[in-house]
>>> print(open('final_21.tsv').read())   # TSV, C-alpha atoms and all ligand atoms
chain	number	residue	atom	x	y	z
H	1	LEU	CA	0.00	0.00	0.00
H	2	LYS	CA	1.39	3.43	-0.96
H	3	LEU	CA	-0.08	6.85	-0.32
H	4	PHE	CA	0.60	10.00	-2.33
H	5	SER	CA	-0.70	13.51	-1.87
H	6	CYS	CA	-1.26	16.04	-4.62
H	7	SER	CA	-1.13	19.70	-3.63
H	8	SER	CA	-4.72	20.63	-2.64
H	9	ASN	CA	-4.76	19.40	0.94
H	10	PRO	CA	-1.34	18.24	2.21
H	11	GLU	CA	-2.34	18.61	5.87
H	12	LEU	CA	-5.25	16.20	5.49
H	13	ALA	CA	-3.07	13.79	3.50
H	14	LYS	CA	-0.46	13.84	6.30
H	15	ALA	CA	-3.16	13.21	8.90
H	16	ILE	CA	-4.57	10.28	6.89
H	17	ALA	CA	-1.07	8.80	6.53
H	18	GLY	CA	-0.54	9.25	10.28
H	19	HIS	CA	-3.73	7.34	11.09
H	20	ILE	CA	-2.71	4.48	8.80
H	21	GLY	CA	0.85	4.51	10.12
H	22	LEU	CA	2.48	5.12	6.72
H	23	GLU	CA	4.73	7.81	5.29
H	24	LEU	CA	3.46	9.71	2.25
H	25	GLY	CA	5.27	8.74	-0.96
H	26	ASN	CA	7.73	11.20	-2.46
H	27	ALA	CA	6.47	13.02	-5.50
H	28	GLU	CA	7.80	16.31	-6.80
H	29	MET	CA	5.19	18.63	-8.22
H	30	SER	CA	6.42	21.59	-10.19
H	31	ARG	CA	5.51	23.94	-13.00
H	32	PHE	CA	7.36	24.66	-16.14
H	33	SER	CA	7.88	28.31	-17.02
H	34	ASP	CA	4.72	28.29	-19.20
H	35	GLY	CA	2.54	27.01	-16.32
H	36	GLU	CA	2.27	23.36	-17.39
H	37	ILE	CA	2.25	20.88	-14.50
H	38	HIS	CA	5.06	18.35	-14.10
H	39	ILE	CA	5.05	15.45	-11.64
H	40	ARG	CA	8.00	13.21	-10.79
H	41	LEU	CA	7.49	10.11	-8.67
H	42	ASP	CA	10.60	9.54	-6.59
H	43	ASP	CA	9.43	6.18	-5.17
H	44	SER	CA	8.77	3.00	-7.13
H	45	VAL	CA	5.08	2.06	-7.28
H	46	ARG	CA	5.45	-1.04	-9.49
H	47	GLY	CA	2.92	-3.67	-8.41
H	48	SER	CA	1.61	-1.53	-5.50
H	49	ASP	CA	-1.90	-0.58	-4.46
H	50	VAL	CA	-1.60	3.19	-4.60
H	51	TYR	CA	-3.90	5.80	-3.01
H	52	VAL	CA	-3.67	9.37	-4.24
H	53	ILE	CA	-5.30	12.09	-2.14
H	54	GLN	CA	-6.58	15.20	-3.87
H	55	SER	CA	-9.59	17.46	-3.30
H	56	THR	CA	-10.54	19.22	-6.49
H	57	SER	CA	-11.20	22.42	-4.58
H	58	ALA	CA	-10.14	25.90	-5.73
H	59	PRO	CA	-8.27	26.40	-7.98
H	60	VAL	CA	-10.45	23.54	-9.22
H	61	ASN	CA	-9.10	23.30	-12.76
H	62	ASP	CA	-5.45	23.21	-11.64
H	63	HIS	CA	-6.19	20.62	-8.97
H	64	LEU	CA	-8.16	18.46	-11.37
H	65	ILE	CA	-5.43	18.44	-14.01
H	66	GLU	CA	-2.82	17.76	-11.33
H	67	LEU	CA	-4.83	14.73	-10.20
H	68	LEU	CA	-5.16	13.45	-13.78
H	69	VAL	CA	-1.42	13.87	-14.41
H	70	MET	CA	-0.67	12.03	-11.15
H	71	VAL	CA	-2.96	9.12	-12.09
H	72	ASP	CA	-1.30	8.95	-15.51
H	73	ALA	CA	2.16	8.93	-13.91
H	74	LEU	CA	1.11	6.10	-11.56
H	75	LYS	CA	-0.38	4.09	-14.43
H	76	ARG	CA	2.76	4.43	-16.52
H	77	ALA	CA	4.88	3.49	-13.49
H	78	SER	CA	2.99	0.14	-13.34
H	79	ALA	CA	1.01	0.65	-10.11
H	80	LYS	CA	-1.20	-2.43	-9.57
H	81	THR	CA	-4.27	-0.41	-8.58
H	82	ILE	CA	-4.82	3.36	-8.51
H	83	ASN	CA	-7.29	4.51	-5.88
H	84	VAL	CA	-8.31	8.14	-6.08
H	85	VAL	CA	-9.31	9.72	-2.77
H	86	MET	CA	-11.33	12.90	-3.44
H	87	PRO	CA	-12.51	14.32	-0.11
H	88	TYR	CA	-14.12	17.16	-2.14
H	89	TYR	CA	-15.32	16.56	-5.70
H	90	GLY	CA	-15.28	19.83	-7.64
H	91	TYR	CA	-17.95	20.39	-10.32
H	92	ALA	CA	-20.36	18.12	-8.40
H	93	ARG	CA	-23.08	20.76	-8.64
H	94	GLN	CA	-23.11	20.41	-12.43
H	95	ASP	CA	-24.71	17.00	-12.15
H	96	ARG	CA	-27.59	17.43	-14.58
H	97	LYS	CA	-28.95	19.70	-17.27
H	98	ALA	CA	-30.65	22.21	-14.96
H	99	ARG	CA	-31.44	24.24	-18.09
H	100	SER	CA	-31.37	23.38	-21.77
H	101	ARG	CA	-27.91	23.32	-23.31
H	102	ASP	CA	-26.19	22.95	-19.87
H	103	PRO	CA	-23.11	20.68	-19.76
H	104	ILE	CA	-23.00	17.84	-17.20
H	105	THR	CA	-19.50	18.59	-15.99
H	106	ALA	CA	-19.63	16.23	-12.99
H	107	LYS	CA	-19.93	13.37	-15.52
H	108	LEU	CA	-17.12	14.79	-17.65
H	109	VAL	CA	-14.87	14.85	-14.55
H	110	ALA	CA	-15.76	11.20	-13.83
H	111	ASN	CA	-14.90	10.26	-17.44
H	112	LEU	CA	-11.54	12.04	-17.17
H	113	ILE	CA	-10.57	10.33	-13.90
H	114	GLU	CA	-11.54	6.93	-15.23
H	115	THR	CA	-9.84	7.40	-18.58
H	116	ALA	CA	-6.66	8.56	-16.83
H	117	GLY	CA	-6.48	5.09	-15.21
H	118	ALA	CA	-8.20	5.13	-11.79
H	119	HIS	CA	-9.51	1.77	-10.53
H	120	ARG	CA	-11.54	3.04	-7.59
H	121	VAL	CA	-12.69	6.34	-6.12
H	122	ILE	CA	-13.29	7.29	-2.49
H	123	ALA	CA	-15.43	10.44	-2.20
H	124	MET	CA	-17.27	12.26	0.59
H	125	ASP	CA	-20.72	13.80	0.60
H	126	LEU	CA	-21.09	14.08	-3.15
H	127	HIS	CA	-23.56	16.86	-3.89
H	128	ALA	CA	-25.70	14.32	-5.74
H	129	MET	CA	-25.63	10.60	-4.90
H	130	GLN	CA	-26.02	9.69	-8.59
H	131	ILE	CA	-22.46	10.91	-9.26
H	132	GLN	CA	-21.45	7.44	-8.00
H	133	GLY	CA	-23.10	6.08	-11.13
H	134	PHE	CA	-21.21	8.50	-13.38
H	135	PHE	CA	-18.27	6.12	-12.87
H	136	ASP	CA	-18.03	2.52	-14.12
H	137	ILE	CA	-15.43	1.77	-11.43
H	138	PRO	CA	-16.31	1.30	-7.73
H	139	VAL	CA	-17.04	4.49	-5.76
H	140	ASP	CA	-16.94	4.39	-1.96
H	141	HIS	CA	-19.11	7.19	-0.69
H	142	LEU	CA	-18.38	8.45	2.84
H	143	LEU	CA	-20.68	10.68	4.87
H	144	GLY	CA	-19.77	13.59	7.14
H	145	VAL	CA	-22.94	13.31	9.23
H	146	PRO	CA	-21.50	10.89	11.84
H	147	ILE	CA	-18.58	13.28	12.51
H	148	LEU	CA	-20.82	16.37	12.69
H	149	GLY	CA	-23.41	14.42	14.71
H	150	ASP	CA	-20.86	13.31	17.34
H	151	TYR	CA	-19.76	16.91	17.76
H	152	PHE	CA	-23.27	18.29	18.25
H	153	GLN	CA	-24.20	15.40	20.52
H	154	SER	CA	-21.27	16.30	22.79
H	155	LYS	CA	-22.55	19.90	23.02
H	156	LYS	CA	-25.82	18.73	24.63
H	157	LEU	CA	-27.82	21.55	23.05
H	158	ASN	CA	-31.15	22.58	24.49
H	159	SER	CA	-34.19	21.44	22.46
H	160	PRO	CA	-32.41	21.04	19.09
H	161	VAL	CA	-34.10	21.09	15.68
H	162	VAL	CA	-32.14	20.12	12.58
H	163	VAL	CA	-32.81	22.35	9.59
H	164	SER	CA	-32.21	21.62	5.91
H	165	PRO	CA	-31.63	24.91	4.05
H	166	ASP	CA	-33.25	23.45	0.91
H	167	HIS	CA	-35.28	20.44	-0.19
H	168	GLY	CA	-32.20	18.86	-1.83
H	169	GLY	CA	-30.60	18.41	1.60
H	170	VAL	CA	-33.50	16.76	3.42
H	171	VAL	CA	-32.06	13.22	3.44
H	172	ARG	CA	-28.79	14.48	4.96
H	173	ALA	CA	-30.63	16.61	7.55
H	174	ARG	CA	-32.88	13.65	8.41
H	175	ARG	CA	-29.75	11.57	9.16
H	176	LEU	CA	-28.42	14.23	11.54
H	177	ALA	CA	-31.87	14.63	13.13
H	178	ASP	CA	-32.00	10.86	13.74
H	179	THR	CA	-28.52	10.92	15.30
H	180	LEU	CA	-29.52	13.77	17.63
H	181	GLN	CA	-33.06	12.44	18.14
H	182	ALA	CA	-34.29	15.87	17.14
H	183	PRO	CA	-37.15	17.01	14.90
H	184	LEU	CA	-36.56	18.26	11.36
H	185	ALA	CA	-37.45	21.54	9.66
H	186	ILE	CA	-37.01	22.41	5.98
H	187	ILE	CA	-36.49	25.75	4.29
H	188	ASP	CA	-38.13	26.36	0.96
H	189	LYS	CA	-35.22	27.96	-0.92
H	190	ARG	CA	-35.39	29.37	-4.44
H	191	ARG	CA	-32.49	30.33	-6.67
H	192	PRO	CA	-33.52	32.97	-9.19
H	193	GLU	CA	-29.98	32.71	-10.65
H	194	PRO	CA	-26.68	30.97	-9.73
H	195	ASN	CA	-25.18	32.20	-6.41
H	196	VAL	CA	-28.39	34.15	-5.59
H	197	VAL	CA	-30.76	32.76	-2.96
H	198	GLU	CA	-34.31	33.58	-1.80
H	199	VAL	CA	-35.98	31.99	1.22
H	200	MET	CA	-39.71	31.42	0.90
H	201	ASN	CA	-41.00	29.53	3.95
H	202	ILE	CA	-39.90	27.40	6.87
H	203	ILE	CA	-41.67	24.07	7.08
H	204	GLY	CA	-41.62	22.85	10.70
H	205	ASP	CA	-41.45	24.40	14.16
H	206	VAL	CA	-38.26	26.22	15.17
H	207	SER	CA	-39.61	28.72	17.69
H	208	GLY	CA	-37.67	28.71	20.99
H	209	ARG	CA	-35.44	25.87	19.76
H	210	THR	CA	-31.71	25.55	19.00
H	211	ALA	CA	-31.55	25.29	15.22
H	212	ILE	CA	-28.74	23.32	13.56
H	213	LEU	CA	-28.49	24.03	9.83
H	214	ILE	CA	-26.77	21.34	7.78
H	215	ASP	CA	-25.63	21.49	4.14
H	216	ASP	CA	-23.10	19.59	2.04
H	217	ILE	CA	-21.36	22.75	0.83
H	218	ILE	CA	-21.08	26.29	2.14
H	219	ASP	CA	-19.83	28.24	-0.86
H	220	THR	CA	-20.67	31.97	-0.90
H	221	ALA	CA	-22.65	31.35	2.35
H	222	GLY	CA	-25.71	32.98	0.75
H	223	THR	CA	-27.84	29.91	1.48
H	224	ILE	CA	-26.76	29.45	5.08
H	225	ALA	CA	-26.78	33.17	6.03
H	226	LEU	CA	-30.23	33.74	4.57
H	227	ALA	CA	-31.51	30.56	6.21
H	228	ALA	CA	-30.11	31.73	9.56
H	229	ASN	CA	-31.86	35.11	9.23
H	230	ALA	CA	-35.15	33.38	8.42
H	231	LEU	CA	-34.74	31.09	11.45
H	232	LYS	CA	-34.05	34.08	13.71
H	233	LYS	CA	-37.19	35.79	12.37
H	234	ALA	CA	-39.18	32.62	13.04
H	235	GLY	CA	-38.09	32.71	16.71
H	236	ALA	CA	-35.21	30.20	16.86
H	237	ALA	CA	-33.34	30.69	20.16
H	238	ASP	CA	-29.79	29.84	19.02
H	239	ILE	CA	-28.50	28.97	15.56
H	240	TYR	CA	-25.61	26.68	14.62
H	241	ALA	CA	-24.59	25.61	11.12
H	242	CYS	CA	-22.52	22.76	9.75
H	243	CYS	CA	-21.35	21.38	6.44
H	244	THR	CA	-18.84	18.88	5.10
H	245	HIS	CA	-17.21	21.06	2.44
H	246	PRO	CA	-16.19	24.64	3.39
H	247	VAL	CA	-15.71	26.06	-0.12
H	248	LEU	CA	-16.09	29.56	1.39
H	249	SER	CA	-15.64	31.60	-1.78
H	250	GLY	CA	-16.29	35.31	-2.41
H	251	PRO	CA	-18.09	37.02	0.47
H	252	ALA	CA	-18.53	33.82	2.54
H	253	ILE	CA	-16.40	34.71	5.56
H	254	GLU	CA	-17.90	38.20	5.89
H	255	ARG	CA	-21.42	36.78	5.56
H	256	LEU	CA	-20.80	34.14	8.21
H	257	ALA	CA	-19.20	36.68	10.55
H	258	ALA	CA	-22.21	39.03	10.16
H	259	SER	CA	-24.83	36.27	10.46
H	260	PRO	CA	-26.67	35.32	13.67
H	261	ILE	CA	-24.96	31.88	13.56
H	262	LEU	CA	-23.07	31.16	16.81
H	263	GLU	CA	-20.74	28.54	15.38
H	264	ILE	CA	-20.10	27.06	11.93
H	265	VAL	CA	-18.81	23.50	12.11
H	266	VAL	CA	-17.02	22.24	8.99
H	267	THR	CA	-14.61	19.45	8.07
H	268	ASP	CA	-11.13	19.55	6.56
H	269	THR	CA	-12.04	18.10	3.13
H	270	ILE	CA	-11.01	21.58	1.92
H	271	PRO	CA	-8.39	23.63	3.79
H	272	LEU	CA	-9.80	26.92	5.10
H	273	ARG	CA	-9.21	29.91	2.90
H	274	GLN	CA	-6.66	32.23	4.56
H	275	PRO	CA	-7.19	34.54	6.29
H	276	CYS	CA	-10.32	33.17	7.94
H	277	ASN	CA	-10.87	36.18	10.17
H	278	THR	CA	-13.75	34.80	12.20
H	279	ASP	CA	-13.43	32.56	15.23
H	280	LYS	CA	-16.91	31.19	14.58
H	281	VAL	CA	-15.57	28.42	12.35
H	282	LYS	CA	-14.73	25.07	13.98
H	283	VAL	CA	-12.93	22.41	11.89
H	284	LEU	CA	-13.35	18.67	12.48
H	285	SER	CA	-11.08	16.18	10.71
H	286	VAL	CA	-12.25	13.49	8.29
H	287	ALA	CA	-8.78	11.88	8.41
H	288	PRO	CA	-9.78	8.97	10.71
H	289	LEU	CA	-12.82	8.19	8.53
H	290	ILE	CA	-10.83	8.23	5.28
H	291	ALA	CA	-7.98	6.24	6.85
H	292	GLU	CA	-10.52	3.61	7.91
H	293	ALA	CA	-11.95	3.46	4.34
H	294	ILE	CA	-8.44	2.99	2.89
X	301	LIG	P1	-28.71	22.16	-6.89
X	301	LIG	O1	-29.98	22.61	-7.56
X	301	LIG	O2	-28.67	22.46	-5.42
X	301	LIG	O3	-28.33	20.74	-7.21
X	301	LIG	O4	-27.55	23.07	-7.51
X	301	LIG	C1	-27.35	23.04	-8.88
X	301	LIG	C2	-27.39	24.45	-9.43
X	301	LIG	O5	-26.19	25.12	-9.06
X	301	LIG	C3	-27.46	24.46	-10.94
X	301	LIG	O6	-28.44	25.37	-11.31
X	301	LIG	C4	-26.11	24.93	-11.39
X	301	LIG	O7	-26.18	25.77	-12.51
X	301	LIG	C5	-25.58	25.69	-10.21
X	301	LIG	N1	-24.14	25.50	-10.06
X	301	LIG	C6	-23.38	24.49	-10.52
X	301	LIG	N2	-22.09	24.63	-10.15
X	301	LIG	C7	-22.05	25.76	-9.42
X	301	LIG	C8	-20.99	26.45	-8.76
X	301	LIG	N3	-19.73	26.00	-8.78
X	301	LIG	N4	-21.31	27.59	-8.10
X	301	LIG	C9	-22.58	28.05	-8.07
X	301	LIG	N5	-23.62	27.44	-8.67
X	301	LIG	C10	-23.35	26.32	-9.35
X	302	LIG	C1	-26.60	23.50	-3.27
X	302	LIG	O1	-27.78	23.65	-3.23
X	302	LIG	C2	-25.75	23.14	-2.09
X	302	LIG	O2	-26.34	22.12	-1.34
X	302	LIG	C3	-25.48	24.35	-1.21
X	302	LIG	O3	-26.67	24.76	-0.57
X	302	LIG	C4	-24.95	25.50	-2.02
X	302	LIG	O4	-23.97	25.08	-2.94
X	302	LIG	C5	-24.37	26.55	-1.11
X	302	LIG	O5	-23.96	27.62	-1.89
X	302	LIG	P1	-23.91	29.09	-1.27
X	302	LIG	O6	-23.15	28.99	0.03
X	302	LIG	O7	-23.15	29.87	-2.32
X	302	LIG	O8	-25.30	29.59	-1.10
>>> encode(input="final_21.tsv", output="structure tokens")
Amino acid sequence: LKLFSCSSNPELAKAIAGHIGLELGNAEMSRFSDGEIHIRLDDSVRGSDVYVIQSTSAPVNDHLIELLVMVDALKRASAKTINVVMPYYGYARQDRKARSRDPITAKLVANLIETAGAHRVIAMDLHAMQIQGFFDIPVDHLLGVPILGDYFQSKKLNSPVVVSPDHGGVVRARRLADTLQAPLAIIDKRRPEPNVVEVMNIIGDVSGRTAILIDDIIDTAGTIALAANALKKAGAADIYACCTHPVLSGPAIERLAASPILEIVVTDTIPLRQPCNTDKVKVLSVAPLIAEAI
């Protein structure tokens, strides 16, 4: 068994290696003067089961190509199996033709990874479960809910209610609600255009309760901040939020800092954007879970 890290999340890769009790393999990643990526494997991988860890988080295109080049290098170096560990799968939100003439880029990414030579993929909280079927190779799909659930359970919150910020997240929120033995509420969210959110209604009772919002991704934080404001208006006592993938692009940090959310609990599938000038964000590690899956 050999583990390699690409450049998106070296801290997580080190933590995973630590849990397994292995050193990361030596690979030099560099750029030529024109920006093209070059990878040199310094360790032999001939006949080995190799795991390569790479989140295709921002800069998503660079990280994706780097992963593909790494898989190609491993294939040509005669690795026995190439197992791609993608804690965060970029382009997952382009999983269908939401409008006519849309591309389905999540499927294109799956094709690229498979064509490059991967034998198996380990992913976490894919935005849409059906992305597993975009691959013809096995996909192990890990969930962040147990990690987030353990954390909230240890906080012993008063009269919790788990809230899904949109109907697409109800199954995930239901899992967390079951873990915490709490009721569920759902926000009726509309998106008039990409990255713009409108809240319509809250389905369920949140008044006087501690609301825990859960989503797979917090990107610009429009969804979560607007949901938090709506919960406050509906009489929620305290508001927490959690997600697996802290994309946190654009105005996210400012929105979270200004929101009525007491604490935002995320995982380390994506390293936090620096500087993260709010102490509201708490990071839990998925390293033990991924190490176990490997
Ligand atoms: P959902 O309806 O929650 O599955 O989200 C899919 C919608 O998000 C589609 O309308 C996409 O056009 C849009 N979308 C896809 N990728 C992104 C992205 N990276 N950032 C913002 N919106 C996106
Ligand atoms: C899509 O619906 C996802 O589940 C998230 O709700 C969404 O990607 C979050 O994006 P933002 O933070 O930009 O509102």
>>> closest_residue(input="final_21.tsv", among="H:Lys14, H:Arg191, H:Arg174, H:Lys2", to="H:Ile212", atoms="all atoms listed in the file")
H:Arg174
>>> atom_distance(input="final_21.tsv", atom1="atom O2 of ligand LIG 302 (chain X)", atom2="atom CA of H:Ile104")
16.8 Å
>>> closest_residue(input="final_21.tsv", among="H:Asn61, H:Asn26, H:Ser164, H:Ser285", to="ligand LIG 302 (chain X)", atoms="only C-alpha atoms and all ligand atoms")
H:Ser164
>>> residues_near_ligand(input="final_21.tsv", ligand="ligand LIG 301 (chain X)", cutoff="10 Å", atoms="all atoms listed in the file", output="count of residues only")
36
>>> residues_near_point(input="final_21.tsv", point="(-23.6, 37.7, -1.1)", cutoff="12 Å", atoms="only C-alpha atoms", output="PDB file with C-alpha atoms, keeping the file's coordinate frame")
ATOM      1  CA  PRO H 194     -26.680  30.970  -9.730  1.00  0.00           C
ATOM      2  CA  ASN H 195     -25.180  32.200  -6.410  1.00  0.00           C
ATOM      3  CA  VAL H 196     -28.390  34.150  -5.590  1.00  0.00           C
ATOM      4  CA  VAL H 197     -30.760  32.760  -2.960  1.00  0.00           C
ATOM      5  CA  GLU H 198     -34.310  33.580  -1.800  1.00  0.00           C
ATOM      6  CA  ASP H 219     -19.830  28.240  -0.860  1.00  0.00           C
ATOM      7  CA  THR H 220     -20.670  31.970  -0.900  1.00  0.00           C
ATOM      8  CA  ALA H 221     -22.650  31.350   2.350  1.00  0.00           C
ATOM      9  CA  GLY H 222     -25.710  32.980   0.750  1.00  0.00           C
ATOM     10  CA  THR H 223     -27.840  29.910   1.480  1.00  0.00           C
ATOM     11  CA  ILE H 224     -26.760  29.450   5.080  1.00  0.00           C
ATOM     12  CA  ALA H 225     -26.780  33.170   6.030  1.00  0.00           C
ATOM     13  CA  LEU H 226     -30.230  33.740   4.570  1.00  0.00           C
ATOM     14  CA  LEU H 248     -16.090  29.560   1.390  1.00  0.00           C
ATOM     15  CA  SER H 249     -15.640  31.600  -1.780  1.00  0.00           C
ATOM     16  CA  GLY H 250     -16.290  35.310  -2.410  1.00  0.00           C
ATOM     17  CA  PRO H 251     -18.090  37.020   0.470  1.00  0.00           C
ATOM     18  CA  ALA H 252     -18.530  33.820   2.540  1.00  0.00           C
ATOM     19  CA  ILE H 253     -16.400  34.710   5.560  1.00  0.00           C
ATOM     20  CA  GLU H 254     -17.900  38.200   5.890  1.00  0.00           C
ATOM     21  CA  ARG H 255     -21.420  36.780   5.560  1.00  0.00           C
ATOM     22  CA  LEU H 256     -20.800  34.140   8.210  1.00  0.00           C
ATOM     23  CA  ALA H 258     -22.210  39.030  10.160  1.00  0.00           C
ATOM     24  CA  SER H 259     -24.830  36.270  10.460  1.00  0.00           C
TER      25      SER H 259
END
>>> atom_distance(input="final_21.tsv", atom1="atom CA of H:Ser55", atom2="atom CA of H:Asp178")
28.9 Å
>>> residues_around(input="final_21.tsv", residues="H:Ser78", least_positions_apart="3", cutoff="9 Å", atoms="all atoms listed in the file", output="count of residues only")
9
>>> axis_aligned_box(input="final_21.tsv", around="stretch 236-245 of chain H", padding_each_side="4 Å", output="lines of an AutoDock Vina configuration file")
center_x = -26.2
center_y = 24.8
center_z = 11.3
size_x = 26.0
size_y = 19.8
size_z = 25.7
>>> residues_around(input="final_21.tsv", residues="H:Thr244", least_positions_apart="6", cutoff="6 Å", atoms="all atoms listed in the file", output="mmCIF file with C-alpha atoms, keeping the file's coordinate frame")
data_model
loop_
_atom_site.group_PDB
_atom_site.id
_atom_site.type_symbol
_atom_site.label_atom_id
_atom_site.label_comp_id
_atom_site.auth_asym_id
_atom_site.auth_seq_id
_atom_site.Cartn_x
_atom_site.Cartn_y
_atom_site.Cartn_z
ATOM 1 C CA GLY H 144 -19.770 13.590 7.140
ATOM 2 C CA ASP H 216 -23.100 19.590 2.040
ATOM 3 C CA VAL H 266 -17.020 22.240 8.990
ATOM 4 C CA THR H 267 -14.610 19.450 8.070
#
>>> closest_residue(input="final_21.tsv", among="H:Ile294, H:Ile53, H:Val281, H:Cys243", to="H:Ser8", atoms="all atoms listed in the file")
H:Ile53
>>> closest_residue(input="final_21.tsv", among="H:Leu126, H:Ala287, H:Ala257, H:Ala177", to="ligand LIG 302 (chain X)", atoms="all atoms listed in the file")
H:Leu126
>>> atom_distance(input="final_21.tsv", atom1="atom CA of H:Ile37", atom2="atom CA of H:Ser5")
14.9 Å
>>> residues_around(input="final_21.tsv", residues="H:Cys6", least_positions_apart="6", cutoff="12 Å", atoms="all atoms listed in the file", output="NGL selection string")
:H and (12-14 or 24-30 or 37-41 or 51-57 or 62-71 or 84-86)
>>> closest_residue(input="final_21.tsv", among="H:His245, H:His141, H:Arg31, H:His119", to="ligand LIG 302 (chain X)", atoms="all atoms listed in the file")
H:His245
>>> closest_residue(input="final_21.tsv", among="H:Val121, H:Ala182, H:Val265, H:Leu213", to="ligand LIG 302 (chain X)", atoms="only C-alpha atoms and all ligand atoms")
H:Leu213
>>> decode(input="final_21.tsv", residues="stretch 93-119 of chain H", atoms="C-alpha atoms", output="PDB file, in the first residue's frame")
ATOM      1  CA  ARG H  93     -23.082  20.760  -8.644  1.00  0.00           C
ATOM      2  CA  GLN H  94     -23.106  20.409 -12.431  1.00  0.00           C
ATOM      3  CA  ASP H  95     -24.714  16.998 -12.145  1.00  0.00           C
ATOM      4  CA  ARG H  96     -27.594  17.425 -14.577  1.00  0.00           C
ATOM      5  CA  LYS H  97     -28.953  19.698 -17.266  1.00  0.00           C
ATOM      6  CA  ALA H  98     -30.652  22.207 -14.957  1.00  0.00           C
ATOM      7  CA  ARG H  99     -31.442  24.239 -18.087  1.00  0.00           C
ATOM      8  CA  SER H 100     -31.366  23.380 -21.765  1.00  0.00           C
ATOM      9  CA  ARG H 101     -27.907  23.318 -23.307  1.00  0.00           C
ATOM     10  CA  ASP H 102     -26.192  22.954 -19.870  1.00  0.00           C
ATOM     11  CA  PRO H 103     -23.111  20.682 -19.758  1.00  0.00           C
ATOM     12  CA  ILE H 104     -22.996  17.842 -17.196  1.00  0.00           C
ATOM     13  CA  THR H 105     -19.495  18.593 -15.993  1.00  0.00           C
ATOM     14  CA  ALA H 106     -19.630  16.229 -12.994  1.00  0.00           C
ATOM     15  CA  LYS H 107     -19.932  13.370 -15.524  1.00  0.00           C
ATOM     16  CA  LEU H 108     -17.122  14.792 -17.649  1.00  0.00           C
ATOM     17  CA  VAL H 109     -14.870  14.848 -14.553  1.00  0.00           C
ATOM     18  CA  ALA H 110     -15.764  11.204 -13.832  1.00  0.00           C
ATOM     19  CA  ASN H 111     -14.898  10.265 -17.443  1.00  0.00           C
ATOM     20  CA  LEU H 112     -11.542  12.045 -17.171  1.00  0.00           C
ATOM     21  CA  ILE H 113     -10.568  10.332 -13.904  1.00  0.00           C
ATOM     22  CA  GLU H 114     -11.545   6.925 -15.227  1.00  0.00           C
ATOM     23  CA  THR H 115      -9.838   7.404 -18.584  1.00  0.00           C
ATOM     24  CA  ALA H 116      -6.656   8.563 -16.829  1.00  0.00           C
ATOM     25  CA  GLY H 117      -6.483   5.094 -15.212  1.00  0.00           C
ATOM     26  CA  ALA H 118      -8.196   5.131 -11.789  1.00  0.00           C
ATOM     27  CA  HIS H 119      -9.512   1.772 -10.534  1.00  0.00           C
TER      28      HIS H 119
END
